[in-house]
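Shown next: entry.cif, given as mmCIF, C-alpha atoms.
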```cif
data_run
#
loop_
_atom_site.group_PDB
_atom_site.id
_atom_site.type_symbol
_atom_site.label_atom_id
_atom_site.label_comp_id
_atom_site.auth_asym_id
_atom_site.auth_seq_id
_atom_site.Cartn_x
_atom_site.Cartn_y
_atom_site.Cartn_z
ATOM 1 C CA MET P 1 27.996 -6.326 -11.967
ATOM 2 C CA THR P 2 25.942 -6.960 -8.871
ATOM 3 C CA ALA P 3 25.877 -5.189 -5.525
ATOM 4 C CA ASN P 4 23.820 -5.297 -2.333
ATOM 5 C CA VAL P 5 23.337 -1.647 -1.380
ATOM 6 C CA VAL P 6 22.798 -0.837 2.315
ATOM 7 C CA GLN P 7 22.202 2.535 3.996
ATOM 8 C CA HIS P 8 21.489 3.443 7.598
ATOM 9 C CA CYS P 9 20.198 6.962 6.948
ATOM 10 C CA THR P 10 17.895 8.544 4.370
ATOM 11 C CA LEU P 11 19.809 10.260 1.554
ATOM 12 C CA ARG P 12 19.088 12.011 -1.724
ATOM 13 C CA PHE P 13 21.462 11.829 -4.708
ATOM 14 C CA SER P 14 21.179 14.395 -7.513
ATOM 15 C CA GLU P 15 21.890 13.756 -11.202
ATOM 16 C CA VAL P 16 23.089 10.171 -10.915
ATOM 17 C CA ALA P 17 24.141 8.814 -14.311
ATOM 18 C CA VAL P 18 23.043 5.225 -14.995
ATOM 19 C CA ASP P 19 25.223 4.329 -17.965
ATOM 20 C CA SER P 20 24.155 0.687 -18.414
ATOM 21 C CA ALA P 21 20.784 -1.031 -18.048
ATOM 22 C CA ALA P 22 20.108 -2.006 -14.437
ATOM 23 C CA LEU P 23 17.601 -3.920 -12.322
ATOM 24 C CA ILE P 24 16.951 -2.931 -8.695
ATOM 25 C CA LEU P 25 15.157 -5.273 -6.274
ATOM 26 C CA LEU P 26 14.145 -3.333 -3.176
ATOM 27 C CA ARG P 27 14.386 -5.357 0.044
ATOM 28 C CA GLU P 28 13.955 -2.681 2.748
ATOM 29 C CA GLY P 29 12.885 0.952 2.699
ATOM 30 C CA VAL P 30 11.550 3.200 -0.056
ATOM 31 C CA LYS P 31 13.301 4.250 -3.281
ATOM 32 C CA THR P 32 12.169 7.188 -5.403
ATOM 33 C CA LEU P 33 13.526 7.808 -8.905
ATOM 34 C CA LYS P 34 12.887 11.076 -10.734
ATOM 35 C CA LEU P 35 13.534 11.562 -14.442
ATOM 36 C CA GLY P 36 12.463 14.965 -15.687
ATOM 37 C CA SER P 37 8.803 15.383 -14.741
ATOM 38 C CA ARG P 38 8.276 11.645 -14.167
ATOM 39 C CA GLN P 39 8.658 9.912 -10.827
ATOM 40 C CA TRP P 40 8.562 6.305 -9.599
ATOM 41 C CA THR P 41 8.328 5.172 -5.961
ATOM 42 C CA ALA P 42 9.184 1.595 -5.026
ATOM 43 C CA ARG P 43 8.797 -0.198 -1.704
ATOM 44 C CA SER P 44 10.012 -3.453 -0.224
ATOM 45 C CA GLY P 45 9.412 -6.292 -2.708
ATOM 46 C CA ASP P 46 9.162 -3.997 -5.745
ATOM 47 C CA VAL P 47 11.482 -4.062 -8.767
ATOM 48 C CA LEU P 48 12.702 -1.099 -10.816
ATOM 49 C CA VAL P 49 14.322 -1.564 -14.235
ATOM 50 C CA VAL P 50 16.298 1.398 -15.613
ATOM 51 C CA SER P 51 17.440 1.697 -19.220
ATOM 52 C CA GLY P 52 21.019 2.788 -19.822
ATOM 53 C CA GLY P 53 21.966 6.366 -20.577
ATOM 54 C CA GLN P 54 19.688 7.985 -17.971
ATOM 55 C CA THR P 55 20.475 10.710 -15.423
ATOM 56 C CA LEU P 56 18.222 10.401 -12.396
ATOM 57 C CA ASP P 57 17.565 12.010 -9.040
ATOM 58 C CA ILE P 58 17.433 9.238 -6.427
ATOM 59 C CA ARG P 59 16.087 9.248 -2.873
ATOM 60 C CA ASN P 60 16.647 6.231 -0.608
ATOM 61 C CA GLN P 61 14.470 6.305 2.500
ATOM 62 C CA LEU P 62 14.749 4.038 5.551
ATOM 63 C CA SER P 63 12.117 1.483 6.520
ATOM 64 C CA PRO P 64 10.419 1.726 9.951
ATOM 65 C CA GLN P 65 13.147 -0.686 11.105
ATOM 66 C CA GLY P 66 15.790 1.918 10.237
ATOM 67 C CA LEU P 67 17.301 0.215 7.175
ATOM 68 C CA TYR P 68 17.522 0.686 3.418
ATOM 69 C CA GLU P 69 18.635 -2.294 1.331
ATOM 70 C CA ALA P 70 18.466 -3.006 -2.395
ATOM 71 C CA ARG P 71 20.022 -5.516 -4.776
ATOM 72 C CA TRP P 72 21.395 -4.192 -8.081
ATOM 73 C CA ILE P 73 22.219 -6.068 -11.280
ATOM 74 C CA VAL P 74 23.920 -4.025 -14.027
ATOM 75 C CA TRP P 75 24.298 -5.418 -17.546
ATOM 76 C CA ASP P 76 27.192 -4.837 -19.905
ATOM 77 C CA PRO P 77 25.784 -3.720 -23.301
ATOM 78 C CA ALA P 78 27.875 -6.381 -25.065
ATOM 79 C CA LEU P 79 26.230 -9.086 -22.966
ATOM 80 C CA LEU P 80 22.752 -7.759 -23.750
ATOM 81 C CA ALA P 81 23.573 -7.961 -27.470
ATOM 82 C CA GLU P 82 24.095 -11.725 -27.096
ATOM 83 C CA MET P 83 20.808 -12.270 -25.271
ATOM 84 C CA GLN P 84 18.020 -10.571 -27.179
ATOM 85 C CA PRO P 85 14.813 -12.612 -26.611
ATOM 86 C CA GLU P 86 12.347 -13.187 -29.448
ATOM 87 C CA PRO P 87 10.169 -11.670 -30.756
ATOM 88 C CA PRO P 88 11.963 -8.295 -30.831
ATOM 89 C CA ARG P 89 10.246 -5.427 -29.034
ATOM 90 C CA ARG P 90 10.919 -1.731 -28.650
ATOM 91 C CA PRO P 91 13.619 -1.272 -25.968
ATOM 92 C CA LEU P 92 12.777 0.300 -22.636
ATOM 93 C CA SER P 93 13.387 4.049 -22.458
ATOM 94 C CA GLY P 94 13.378 5.361 -18.908
ATOM 95 C CA VAL P 95 12.147 3.326 -15.936
ATOM 96 C CA PHE P 96 9.844 0.326 -15.531
ATOM 97 C CA HIS P 97 8.233 -0.292 -12.114
ATOM 98 C CA MET P 98 7.142 -3.809 -11.116
ATOM 99 C CA PRO P 99 5.170 -3.569 -7.842
ATOM 100 C CA SER P 100 5.244 -6.570 -5.495
ATOM 101 C CA ALA P 101 7.328 -8.805 -7.768
ATOM 102 C CA SER P 102 6.383 -12.471 -7.615
ATOM 103 C CA ARG P 103 8.467 -14.899 -5.573
ATOM 104 C CA ILE P 104 9.372 -16.882 -8.682
ATOM 105 C CA PHE P 105 10.739 -13.701 -10.326
ATOM 106 C CA THR P 106 12.763 -12.660 -7.273
ATOM 107 C CA ASP P 107 14.118 -16.227 -7.131
ATOM 108 C CA ALA P 108 15.368 -15.716 -10.715
ATOM 109 C CA VAL P 109 17.049 -12.487 -9.566
ATOM 110 C CA ASP P 110 18.732 -14.327 -6.682
ATOM 111 C CA ARG P 111 19.947 -17.089 -9.039
ATOM 112 C CA ALA P 112 21.479 -14.502 -11.366
ATOM 113 C CA VAL P 113 23.172 -12.778 -8.433
ATOM 114 C CA ARG P 114 24.663 -16.024 -7.121
ATOM 115 C CA ALA P 115 25.860 -16.922 -10.630
ATOM 116 C CA ILE P 116 27.684 -13.596 -10.902
ATOM 117 C CA GLU P 117 29.159 -13.792 -7.403
ATOM 118 C CA CYS P 118 30.272 -17.447 -7.383
ATOM 119 C CA GLN P 119 32.843 -17.272 -10.181
ATOM 120 C CA ALA P 120 34.878 -20.119 -8.695
ATOM 121 C CA GLU P 121 31.876 -22.476 -8.737
ATOM 122 C CA VAL P 122 29.759 -21.302 -11.687
ATOM 123 C CA SER P 123 31.059 -21.250 -15.257
ATOM 124 C CA ALA P 124 30.632 -18.212 -17.490
ATOM 125 C CA ALA P 125 28.183 -20.196 -19.632
ATOM 126 C CA LEU P 126 25.952 -20.973 -16.631
ATOM 127 C CA ALA P 127 26.135 -17.360 -15.456
ATOM 128 C CA ARG P 128 24.993 -16.211 -18.911
ATOM 129 C CA HIS P 129 22.133 -18.713 -18.732
ATOM 130 C CA ALA P 130 20.981 -17.276 -15.384
ATOM 131 C CA LEU P 131 21.077 -13.743 -16.781
ATOM 132 C CA ALA P 132 19.274 -14.842 -19.951
ATOM 133 C CA GLU P 133 16.496 -16.329 -17.778
ATOM 134 C CA LEU P 134 16.086 -12.989 -16.037
ATOM 135 C CA LEU P 135 15.954 -11.114 -19.350
ATOM 136 C CA LEU P 136 13.289 -13.534 -20.586
ATOM 137 C CA TRP P 137 11.178 -12.829 -17.484
ATOM 138 C CA LEU P 138 11.439 -9.112 -18.216
ATOM 139 C CA HIS P 139 10.674 -9.679 -21.903
ATOM 140 C CA GLU P 140 7.427 -11.439 -20.972
ATOM 141 C CA SER P 141 6.538 -8.342 -18.949
ATOM 142 C CA ASN P 142 7.060 -6.312 -22.173
ATOM 143 C CA VAL P 143 10.410 -4.963 -20.975
ATOM 144 C CA THR P 144 13.328 -5.263 -23.401
ATOM 145 C CA LEU P 145 16.713 -3.746 -22.623
ATOM 146 C CA ALA P 146 18.667 -2.037 -25.400
ATOM 147 C CA SER P 147 22.010 -3.565 -26.327
ATOM 148 C CA SER P 148 23.448 -0.480 -28.030
ATOM 149 C CA GLN P 149 26.683 1.066 -26.791
ATOM 150 C CA PRO P 150 26.518 4.669 -25.490
ATOM 151 C CA ARG P 151 26.696 7.232 -28.294
ATOM 152 C CA SER P 152 27.395 10.509 -26.497
ATOM 153 C CA MET P 153 31.022 11.331 -25.764
ATOM 154 C CA VAL P 154 30.228 11.966 -22.094
ATOM 155 C CA ALA P 155 28.642 8.502 -21.748
ATOM 156 C CA ARG P 156 31.514 6.807 -23.587
ATOM 157 C CA LEU P 157 34.087 8.527 -21.387
ATOM 158 C CA ARG P 158 32.154 7.770 -18.185
ATOM 159 C CA LEU P 159 31.855 4.092 -19.100
ATOM 160 C CA MET P 160 35.569 3.861 -19.874
ATOM 161 C CA VAL P 161 36.566 5.490 -16.579
ATOM 162 C CA SER P 162 34.054 3.391 -14.633
ATOM 163 C CA ARG P 163 35.749 0.209 -15.818
ATOM 164 C CA SER P 164 39.080 1.346 -14.319
ATOM 165 C CA PRO P 165 38.494 4.287 -11.939
ATOM 166 C CA SER P 166 41.890 3.970 -10.221
ATOM 167 C CA SER P 167 43.867 4.439 -13.461
ATOM 168 C CA PRO P 168 45.828 7.705 -13.760
ATOM 169 C CA TRP P 169 43.492 9.114 -16.391
ATOM 170 C CA SER P 170 44.581 12.151 -18.384
ATOM 171 C CA LEU P 171 42.962 13.840 -21.348
ATOM 172 C CA PRO P 172 45.670 12.633 -23.795
ATOM 173 C CA HIS P 173 45.326 9.036 -22.564
ATOM 174 C CA ALA P 174 41.510 9.150 -22.715
ATOM 175 C CA ALA P 175 41.577 10.615 -26.228
ATOM 176 C CA GLU P 176 43.895 7.841 -27.363
ATOM 177 C CA GLN P 177 41.626 5.151 -25.888
ATOM 178 C CA LEU P 178 38.560 6.723 -27.535
ATOM 179 C CA ALA P 179 40.412 7.014 -30.880
ATOM 180 C CA VAL P 180 39.913 10.769 -31.206
ATOM 181 C CA SER P 181 42.247 13.751 -30.980
ATOM 182 C CA GLN P 182 42.540 15.763 -27.771
ATOM 183 C CA THR P 183 40.976 18.749 -29.520
ATOM 184 C CA THR P 184 38.019 16.662 -30.714
ATOM 185 C CA LEU P 185 37.489 15.194 -27.251
ATOM 186 C CA ARG P 186 37.467 18.652 -25.631
ATOM 187 C CA ARG P 187 35.153 20.049 -28.308
ATOM 188 C CA ARG P 188 32.641 17.194 -28.123
ATOM 189 C CA LEU P 189 32.555 17.218 -24.334
ATOM 190 C CA SER P 190 32.036 20.997 -24.396
ATOM 191 C CA ALA P 191 29.164 20.604 -26.872
ATOM 192 C CA GLU P 192 27.515 18.248 -24.354
ATOM 193 C CA GLY P 193 28.043 20.734 -21.509
ATOM 194 C CA ALA P 194 30.900 18.908 -19.779
ATOM 195 C CA THR P 195 34.644 18.994 -19.252
ATOM 196 C CA PHE P 196 37.093 16.103 -18.995
ATOM 197 C CA GLY P 197 37.727 16.843 -15.308
ATOM 198 C CA ASP P 198 34.010 16.944 -14.480
ATOM 199 C CA VAL P 199 33.281 13.592 -16.161
ATOM 200 C CA LEU P 200 36.342 11.950 -14.598
ATOM 201 C CA ALA P 201 35.427 13.109 -11.082
ATOM 202 C CA ASP P 202 31.756 12.209 -11.451
ATOM 203 C CA ALA P 203 32.488 8.684 -12.709
ATOM 204 C CA ARG P 204 34.901 8.131 -9.836
ATOM 205 C CA MET P 205 32.458 9.482 -7.243
ATOM 206 C CA SER P 206 29.651 7.273 -8.592
ATOM 207 C CA HIS P 207 31.893 4.216 -8.238
ATOM 208 C CA ALA P 208 32.879 5.323 -4.725
ATOM 209 C CA MET P 209 29.214 5.723 -3.767
ATOM 210 C CA MET P 210 28.480 2.153 -4.817
ATOM 211 C CA MET P 211 31.453 0.885 -2.799
ATOM 212 C CA LEU P 212 30.375 2.842 0.280
ATOM 213 C CA GLN P 213 26.866 1.405 0.042
ATOM 214 C CA SER P 214 27.753 -2.200 -0.777
ATOM 215 C CA THR P 215 30.961 -2.970 1.156
ATOM 216 C CA GLN P 216 32.451 -2.448 4.618
ATOM 217 C CA ARG P 217 35.813 -1.388 3.225
ATOM 218 C CA ALA P 218 37.624 1.536 4.816
ATOM 219 C CA ILE P 219 37.056 4.940 3.220
ATOM 220 C CA SER P 220 40.821 5.266 2.656
ATOM 221 C CA SER P 221 40.781 2.016 0.663
ATOM 222 C CA ILE P 222 37.835 3.179 -1.454
ATOM 223 C CA ALA P 223 39.607 6.504 -2.049
ATOM 224 C CA SER P 224 42.623 4.613 -3.417
ATOM 225 C CA ASP P 225 40.381 2.472 -5.638
ATOM 226 C CA VAL P 226 38.999 5.561 -7.368
ATOM 227 C CA GLY P 227 42.359 7.214 -7.948
ATOM 228 C CA TYR P 228 42.897 9.342 -4.827
ATOM 229 C CA ALA P 229 46.133 8.915 -2.861
ATOM 230 C CA SER P 230 44.726 11.090 -0.076
ATOM 231 C CA ALA P 231 41.528 10.109 1.763
ATOM 232 C CA SER P 232 41.045 13.729 2.850
ATOM 233 C CA ARG P 233 41.136 15.017 -0.749
ATOM 234 C CA PHE P 234 38.738 12.264 -1.755
ATOM 235 C CA SER P 235 36.353 13.280 1.060
ATOM 236 C CA VAL P 236 36.431 16.919 -0.043
ATOM 237 C CA ARG P 237 35.634 15.942 -3.643
ATOM 238 C CA PHE P 238 32.905 13.519 -2.537
ATOM 239 C CA ARG P 239 31.250 16.149 -0.332
ATOM 240 C CA SER P 240 31.332 18.742 -3.125
ATOM 241 C CA ARG P 241 29.589 16.271 -5.474
ATOM 242 C CA SER P 242 26.991 14.794 -3.104
ATOM 243 C CA GLY P 243 26.530 17.411 -0.391
ATOM 244 C CA PHE P 244 27.512 15.051 2.438
ATOM 245 C CA ALA P 245 30.617 13.284 3.706
ATOM 246 C CA PRO P 246 31.409 9.655 2.734
ATOM 247 C CA SER P 247 30.872 8.521 6.330
ATOM 248 C CA VAL P 248 27.255 9.711 6.229
ATOM 249 C CA VAL P 249 26.372 7.051 3.637
ATOM 250 C CA ARG P 250 26.951 4.417 6.320
ATOM 251 C CA GLY P 251 25.007 6.362 8.938
ATOM 252 C CA HIS P 252 27.976 7.759 10.832
ATOM 253 C CA GLN P 253 26.786 11.352 11.005
ATOM 254 C CA ARG P 254 28.965 13.753 13.003
#
```

Could I get this file's structure written as structure tokens?
Amino acid sequence: MTANVVQHCTLRFSEVAVDSAALILLREGVKTLKLGSRQWTARSGDVLVVSGGQTLDIRNQLSPQGLYEARWIVWDPALLAEMQPEPPRRPLSGVFHMPSASRIFTDAVDRAVRAIECQAEVSAALARHALAELLLWLHESNVTLASSQPRSMVARLRLMVSRSPSSPWSLPHAAEQLAVSQTTLRRRLSAEGATFGDVLADARMSHAMMMLQSTQRAISSIASDVGYASASRFSVRFRSRSGFAPSVVRGHQR
């Protein structure tokens, strides 16, 4: 997946789950990631690489021109498994910060983005080649992304919901898809400090946040895409998760 994230006001997001490995190229503004006691601050032209399975606090701050903009590329673990560069290295755990990325590297990022976006013009094989080039660049900077699938039940459930957030998910249906009993699913989620409803809502709100930041689609349309028939109920849920209304993400503060 790729997205161009745009904000018109400074915002902070708490406990954002990054389920799959991601690369972030900052174009405008300042981005701060916090993982436990560690913190990384990136500015325009910097690159951040995040390993999958992390829960981060994120702050996106506007540039002096009043804009925040960043390009994301998110890898599917199955695709990473096909593209492991040689020689093998220990996979990244956490965040890698590349200050002032070179023009030739950012050009590779742009090629990968265009390959993902232009499905009608670029074959799947060529798109894989563009992504493999980007992974090789990272590998030569001693950054290797893990190809393993998520192991925790929370991560597995989040990833499944994220792939189809508008589906009418229920605990019985999710248990069937994960090949476990309903009792086992409840018990394992509880052991990880979560409930089915919490994970479902959080995965949907994370998807909605990305749509709010990277598209101009109406909030009612985004609400429908994440399984809410009512835009008002979606807004209430979004505010309870993030602390601000969906409209604020686009700078329309009341």

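Put simply, CA of Ala179 in chain P is 27.6 Å away from CA of Ala22 in chain P.
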
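Our summary of the geometry notes that CA of Ser206 in chain P is positioned 27.1 Å from CA of Ala108 in chain P.
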
Practice task
Rank nothing, just name the residue among P:Ser230, P:Met153, P:Ala218, P:Asp225 nearest to Phe196 in chain P, using all atoms listed in the file.
Solution key: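 For Phe196 in chain P, the nearest of the given residues is P:Met153.
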
Practice task
Find the residues near Trp40 in chain P: any atom within 9 Å, counting only C-alpha atoms, skip ones fewer than 2 places away on the same chain, and give them as a ChimeraX atom specification.
Solution key: /P:31-35,38,42,48,95-97

Problem - Polymer residues at most 6 Å from (15.2, 2.9, 3.9) by only C-alpha atoms, as a ChimeraX atom specification - result: /P:28-30,60-63,67-68

Practice task
Find, counting only C-alpha atoms, the residue in P:Ala112, P:Ala155, P:Ile73, P:Ala208 that gets nearest to Ala17 in chain P.
Solution key: P:Ala155

Handout entry: Gly251 in chain P surroundings by all atoms listed in the file, 7 Å radius, close-in-sequence under 4 positions cut, as a ChimeraX atom specification
Key = /P:7-9,247

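Straight-line separation from CA of Ala81 in chain P to CA of Ser147 in chain P: 4.8 Å.
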
Problem - Residue nearest Leu79 in chain P - candidates P:Ser167, P:Ser232, P:Thr183, P:Ser20, atoms counted: only C-alpha atoms - result: P:Ser20

Practice task
May I ask which of the residues P:Val50, P:Leu92, P:Met211, P:Val143 is the closest one to Ala21 in chain P, counting only C-alpha atoms?
Solution key: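 Residue with the minimum atom-to-atom distance to Ala21 in chain P: P:Val50.
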
To test the calculation: enclose all listed atoms of range 237-248 of chain P in a box whose edges run along x, y and z, add 5 Å on each side, then state centre and edge lengths in Å to one decimal, as JSON.
```
{"center_x": 31.1, "center_y": 13.6, "center_z": 0.4, "size_x": 19.1, "size_y": 20.2, "size_z": 21.8}
```

Problem - Nearby residues, (9.8, -4.0, -7.1) file frame, 10 Å, only C-alpha atoms, as a PyMOL selection string - result: chain P and resi 23-27+31+41-49+70+96-102+106

Handout entry: Shortest interatomic distance to His173 in chain P - which of P:Ala191, P:Leu134, P:Arg103, P:Leu185, counting all atoms listed in the file
Key =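 Nearest to His173 in chain P: P:Leu185.
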
Could you rebuild range 65-96 of chain P with N, CA and C atoms and give me the result as an mmCIF file, keeping the file's coordinate frame?
```
data_model
loop_
_atom_site.group_PDB
_atom_site.id
_atom_site.type_symbol
_atom_site.label_atom_id
_atom_site.label_comp_id
_atom_site.auth_asym_id
_atom_site.auth_seq_id
_atom_site.Cartn_x
_atom_site.Cartn_y
_atom_site.Cartn_z
ATOM 1 N N GLN P 65 12.114 0.011 10.339
ATOM 2 C CA GLN P 65 13.147 -0.686 11.105
ATOM 3 C C GLN P 65 14.504 0.017 11.038
ATOM 4 N N GLY P 66 14.562 1.136 10.304
ATOM 5 C CA GLY P 66 15.790 1.918 10.237
ATOM 6 C C GLY P 66 16.822 1.397 9.259
ATOM 7 N N LEU P 67 16.366 0.789 8.135
ATOM 8 C CA LEU P 67 17.301 0.215 7.175
ATOM 9 C C LEU P 67 16.825 0.467 5.753
ATOM 10 N N TYR P 68 17.775 0.697 4.860
ATOM 11 C CA TYR P 68 17.522 0.686 3.418
ATOM 12 C C TYR P 68 18.427 -0.374 2.813
ATOM 13 N N GLU P 69 17.842 -1.248 1.982
ATOM 14 C CA GLU P 69 18.635 -2.294 1.331
ATOM 15 C C GLU P 69 18.049 -2.604 -0.037
ATOM 16 N N ALA P 70 18.909 -2.705 -1.030
ATOM 17 C CA ALA P 70 18.466 -3.006 -2.395
ATOM 18 C C ALA P 70 19.543 -3.792 -3.123
ATOM 19 N N ARG P 71 19.109 -4.717 -3.954
ATOM 20 C CA ARG P 71 20.022 -5.516 -4.776
ATOM 21 C C ARG P 71 20.023 -4.951 -6.186
ATOM 22 N N TRP P 72 21.230 -4.700 -6.718
ATOM 23 C CA TRP P 72 21.395 -4.192 -8.081
ATOM 24 C C TRP P 72 22.003 -5.265 -8.972
ATOM 25 N N ILE P 73 21.530 -5.330 -10.214
ATOM 26 C CA ILE P 73 22.219 -6.068 -11.280
ATOM 27 C C ILE P 73 22.390 -5.096 -12.437
ATOM 28 N N VAL P 74 23.616 -4.935 -12.921
ATOM 29 C CA VAL P 74 23.920 -4.025 -14.027
ATOM 30 C C VAL P 74 24.474 -4.834 -15.184
ATOM 31 N N TRP P 75 23.880 -4.662 -16.366
ATOM 32 C CA TRP P 75 24.298 -5.418 -17.546
ATOM 33 C C TRP P 75 25.324 -4.663 -18.369
ATOM 34 N N ASP P 76 26.285 -5.384 -18.899
ATOM 35 C CA ASP P 76 27.192 -4.837 -19.905
ATOM 36 C C ASP P 76 26.449 -4.848 -21.243
ATOM 37 N N PRO P 77 26.495 -3.745 -22.015
ATOM 38 C CA PRO P 77 25.784 -3.720 -23.301
ATOM 39 C C PRO P 77 26.171 -4.864 -24.229
ATOM 40 N N ALA P 78 27.447 -5.286 -24.186
ATOM 41 C CA ALA P 78 27.875 -6.381 -25.065
ATOM 42 C C ALA P 78 27.174 -7.680 -24.693
ATOM 43 N N LEU P 79 26.924 -7.881 -23.406
ATOM 44 C CA LEU P 79 26.230 -9.086 -22.966
ATOM 45 C C LEU P 79 24.761 -9.054 -23.393
ATOM 46 N N LEU P 80 24.144 -7.879 -23.306
ATOM 47 C CA LEU P 80 22.752 -7.759 -23.750
ATOM 48 C C LEU P 80 22.611 -8.076 -25.232
ATOM 49 N N ALA P 81 23.626 -7.709 -26.028
ATOM 50 C CA ALA P 81 23.573 -7.961 -27.470
ATOM 51 C C ALA P 81 23.516 -9.449 -27.779
ATOM 52 N N GLU P 82 24.094 -10.272 -26.891
ATOM 53 C CA GLU P 82 24.095 -11.725 -27.096
ATOM 54 C C GLU P 82 22.769 -12.369 -26.698
ATOM 55 N N MET P 83 21.942 -11.644 -25.954
ATOM 56 C CA MET P 83 20.808 -12.270 -25.271
ATOM 57 C C MET P 83 19.471 -11.628 -25.607
ATOM 58 N N GLN P 84 19.274 -11.204 -26.826
ATOM 59 C CA GLN P 84 18.020 -10.571 -27.179
ATOM 60 C C GLN P 84 16.914 -11.616 -27.362
ATOM 61 N N PRO P 85 15.903 -11.635 -26.467
ATOM 62 C CA PRO P 85 14.813 -12.612 -26.611
ATOM 63 C C PRO P 85 13.970 -12.312 -27.850
ATOM 64 N N GLU P 86 13.257 -13.320 -28.303
ATOM 65 C CA GLU P 86 12.347 -13.187 -29.448
ATOM 66 C C GLU P 86 10.904 -13.249 -28.943
ATOM 67 N N PRO P 87 9.956 -12.565 -29.613
ATOM 68 C CA PRO P 87 10.169 -11.670 -30.756
ATOM 69 C C PRO P 87 10.727 -10.328 -30.308
ATOM 70 N N PRO P 88 11.389 -9.589 -31.213
ATOM 71 C CA PRO P 88 11.963 -8.295 -30.831
ATOM 72 C C PRO P 88 10.881 -7.291 -30.449
ATOM 73 N N ARG P 89 11.162 -6.479 -29.453
ATOM 74 C CA ARG P 89 10.246 -5.427 -29.034
ATOM 75 C C ARG P 89 11.020 -4.125 -28.897
ATOM 76 N N ARG P 90 10.280 -3.040 -28.815
ATOM 77 C CA ARG P 90 10.919 -1.731 -28.650
ATOM 78 C C ARG P 90 11.611 -1.687 -27.284
ATOM 79 N N PRO P 91 12.898 -1.283 -27.241
ATOM 80 C CA PRO P 91 13.619 -1.272 -25.968
ATOM 81 C C PRO P 91 13.039 -0.268 -24.979
ATOM 82 N N LEU P 92 13.202 -0.581 -23.710
ATOM 83 C CA LEU P 92 12.777 0.300 -22.636
ATOM 84 C C LEU P 92 13.517 1.629 -22.732
ATOM 85 N N SER P 93 12.791 2.723 -22.532
ATOM 86 C CA SER P 93 13.387 4.049 -22.458
ATOM 87 C C SER P 93 12.901 4.691 -21.164
ATOM 88 N N GLY P 94 13.782 4.801 -20.198
ATOM 89 C CA GLY P 94 13.378 5.361 -18.908
ATOM 90 C C GLY P 94 13.371 4.309 -17.829
ATOM 91 N N VAL P 95 12.242 4.206 -17.107
ATOM 92 C CA VAL P 95 12.147 3.326 -15.936
ATOM 93 C C VAL P 95 10.882 2.483 -16.020
ATOM 94 N N PHE P 96 10.996 1.218 -15.648
ATOM 95 C CA PHE P 96 9.844 0.326 -15.531
ATOM 96 C C PHE P 96 9.711 -0.077 -14.069
#
```
